[in-house]
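One structure is given below, encoded as C-alpha cells.
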Amino acid sequence: SERTLVLVKPDGVQRKLVGEVLSRIERKGLSLVAAELRTIDDELAAQHYAEHDGKPFFNDLLEFITSGPLLAAVVEGPRAIAAFRQLAGGTDPVEKATPGTIRGDFGLETQFNLVHGSDSAESAAREIKLWFPAL
Ligand code: ATP
C-alpha cells in the first residue's frame with residue numbers, strides 16, 4: 001500500500017466540491033489517513049511548489065494557493081499515487097483532462113484545476129512530510 005498527498009485547492013473549497021472529491025476518493029477504494037482544512041502562508045506554498053520557482057505562472061500560483069482555505073489530505077491504498085492522478089485527470093481541465101475525471105468534470109482553467117495529487121513516490125514522501133510532519 002502507498003500514500004499520496006491530495007489537496008482540494010481554494011477554488012474547489014470555494015465551489016463546495018470537497019465532498020465530491022472525497023466521495024470519489026472513497027468510491028475508488030482509497031482511504032483517508034488525515035485531512036485538514038487550512039489556509040497556508042507563502043512559505044509553505046513556495047516549498048510545496050518549489051519545482052515551479054522561476055516559471056512565469058509561479059507568483060500567480062502562490063497567490064492562488066494561499067488565497068483561502070484548502071483541504072489537505074493524506075490518502076492511502078494500493079497504487080494510491082497513480083490512482084488519485086487518474087481520478088484528477090490531466091493538468092489542463094479542457095485540453096488534457098477527460099470527462100469522468102475531477103478536472104474534466106468540474107474545471108475550465110489550468111490555474112483553477114481544483115485538486116493536486118503527488119506525482120511520484122519521491123514527491124509523495126516530500127509533500128506528506130511538508131504538510132503533515134507528525135505522520
Ligand atoms: P498539481 O501539481 O497541482 O497536481 P499538476 O501536477 O497536474 O498539478 P504541474 O505541472 O505540477 O501540474 O503544475 C502545478 C500547478 O500549477 C497546476 O496544477 C496549476 O494549478 C498550475 N499551473 C501549471 N501550469 C500552469 C500554467 N501554464 N498557467 C497557470 N497555472 C499553471
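Each chain in the C-alpha cells gets a letter, A, B and so on, in the order shown; residues start at 1 in every chain, and ligands are counted from 1 in the order they appear.
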Can you pull out the residues contacting A:Arg15? Cut-off 12 Å, using only C-alpha atoms, and skip same-chain residues under 4 positions away; I want them as a short mmCIF file (atom, residue, chain, number, x, y, z; two decimals) with C-alpha atoms, in the first residue's frame.
```cif
data_model
loop_
_atom_site.label_atom_id
_atom_site.label_comp_id
_atom_site.auth_asym_id
_atom_site.auth_seq_id
_atom_site.Cartn_x
_atom_site.Cartn_y
_atom_site.Cartn_z
CA VAL A 8 -8.60 20.30 -2.75
CA LYS A 9 -7.33 23.73 -3.74
CA PRO A 10 -9.04 27.00 -2.71
CA ASP A 11 -11.18 27.01 -5.88
CA GLY A 19 -17.46 16.30 -0.58
CA GLU A 20 -17.46 15.42 -4.27
CA VAL A 21 -13.67 14.89 -4.29
CA GLY A 68 -8.28 30.89 1.09
CA PRO A 69 -8.87 27.61 2.85
CA LEU A 70 -7.85 24.40 1.13
CA PHE A 106 -15.59 20.47 -12.98
CA GLY A 107 -12.65 22.52 -14.32
CA PHE A 112 -8.04 26.71 -11.24
CA ASN A 113 -7.83 22.95 -11.65
CA LEU A 114 -9.36 22.10 -8.28
#
```
Counting only C-alpha atoms and all ligand atoms, which residues of chain A sit at most 8 Å from some atom of ligand 1, and what is each one's closest atom pair with its distance in Å to one decimal, listed by chain and rising residue number, as a Markdown table?
```
| residue | atom | partner | partner_atom_place_in_ligand_line | distance |
| --- | --- | --- | --- | --- |
| A:Leu7 | CA | ligand 1 | 3 (O) | 8.0 |
| A:Tyr49 | CA | ligand 1 | 14 (C) | 7.2 |
| A:Glu51 | CA | ligand 1 | 11 (O) | 7.9 |
| A:His52 | CA | ligand 1 | 14 (C) | 7.4 |
| A:Pro56 | CA | ligand 1 | 28 (N) | 7.9 |
| A:Phe57 | CA | ligand 1 | 29 (C) | 5.2 |
| A:Phe58 | CA | ligand 1 | 16 (O) | 7.5 |
| A:Asp60 | CA | ligand 1 | 29 (C) | 7.4 |
| A:Leu61 | CA | ligand 1 | 21 (C) | 6.0 |
| A:Arg85 | CA | ligand 1 | 4 (O) | 7.8 |
| A:Gly89 | CA | ligand 1 | 7 (O) | 7.9 |
| A:Gly90 | CA | ligand 1 | 7 (O) | 5.8 |
| A:Thr91 | CA | ligand 1 | 7 (O) | 3.7 |
| A:Asp92 | CA | ligand 1 | 7 (O) | 7.4 |
| A:Glu109 | CA | ligand 1 | 29 (C) | 8.0 |
| A:Thr110 | CA | ligand 1 | 30 (N) | 5.3 |
| A:Gln111 | CA | ligand 1 | 30 (N) | 3.8 |
| A:Phe112 | CA | ligand 1 | 20 (O) | 5.8 |
| A:Asn113 | CA | ligand 1 | 20 (O) | 5.7 |
| A:Leu114 | CA | ligand 1 | 20 (O) | 7.8 |
| A:Val115 | CA | ligand 1 | 3 (O) | 6.2 |
| A:His116 | CA | ligand 1 | 4 (O) | 3.4 |
| A:Gly117 | CA | ligand 1 | 4 (O) | 4.6 |
| A:Ser118 | CA | ligand 1 | 4 (O) | 6.2 |
| A:Asp119 | CA | ligand 1 | 6 (O) | 6.2 |
```
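Using only C-alpha atoms, the shortest contact distance between A:Arg3 and any of A:Ala82, A:Gly54, A:Leu71, A:Phe64 is found at A:Ala82.
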If I take atom CA of A:Arg24 and atom CA of A:Ala134, how far is one from the other in Å, to one decimal? 26.1 Å
Counting only C-alpha atoms, what are the residues of stretch 60-127 of chain A within 9 Å of stretch 28-39 of chain A, and for each of them which pair of atoms is the nearest and at what distance in Å, to one decimal? Sort the table by chain and rising number, as CSV.
```
residue,atom,partner,partner_atom,distance
A:Ile65,CA,A:Thr39,CA,8.5
A:Thr66,CA,A:Thr39,CA,6.3
A:Ser67,CA,A:Thr39,CA,7.5
A:Gly68,CA,A:Thr39,CA,5.4
A:Pro69,CA,A:Thr39,CA,4.3
A:Leu70,CA,A:Arg38,CA,5.5
A:Leu71,CA,A:Leu37,CA,4.4
A:Ala72,CA,A:Glu36,CA,5.4
A:Ala73,CA,A:Ala35,CA,4.1
A:Val74,CA,A:Ala34,CA,5.1
A:Val75,CA,A:Leu32,CA,4.7
A:Glu76,CA,A:Ser31,CA,5.1
A:Gly77,CA,A:Leu30,CA,5.0
A:Pro78,CA,A:Leu30,CA,7.8
A:Ala80,CA,A:Leu30,CA,7.0
A:Ala83,CA,A:Lys28,CA,8.2
A:Phe84,CA,A:Leu30,CA,8.6
A:Leu87,CA,A:Lys28,CA,8.4
```
Could you pull out the strand (DSSP E or B) residues of stretch 1-126 of chain A, going by DSSP on the backbone, and write them as number ranges by chain? A: 2-8, 31-38, 70-77, 99, 101, 115-117
Expressed in Å to a single decimal, how great is the separation between atom CA of A:Ile40 and atom CA of A:Glu127?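 Atom CA of A:Ile40 sits 13.9 Å away from atom CA of A:Glu127.
In this comparison, which uses only C-alpha atoms, the residue of A:Glu95, A:His48, A:Lys55, A:Val13 approaching A:Ile128 most closely is A:His48.
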Quick one: residues within 7 Å of A:Gly104, only C-alpha atoms, excluding same-chain residues fewer than 3 positions away - as a list in words?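 The filter keeps Gly89, Pro93, Val94, Ala97, Thr98, Pro99, Gly100, Thr101 and Gly107 of chain A.
Atom pair atom CA of A:Arg103 / atom CA of A:Gln86: separated by 10.3 Å.
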Out of A:Lys129, A:Gln14, A:Ser120, A:Glu43, which residue has the shortest atom-to-atom distance to A:Arg79 when counting only C-alpha atoms? A:Ser120
Those in stretch 7-127 of chain A with helix (DSSP H, G or I) from DSSP, as a ChimeraX atom specification: /A:10-14,18-28,42-48,50-52,58-65,80-88,102-106,121-127
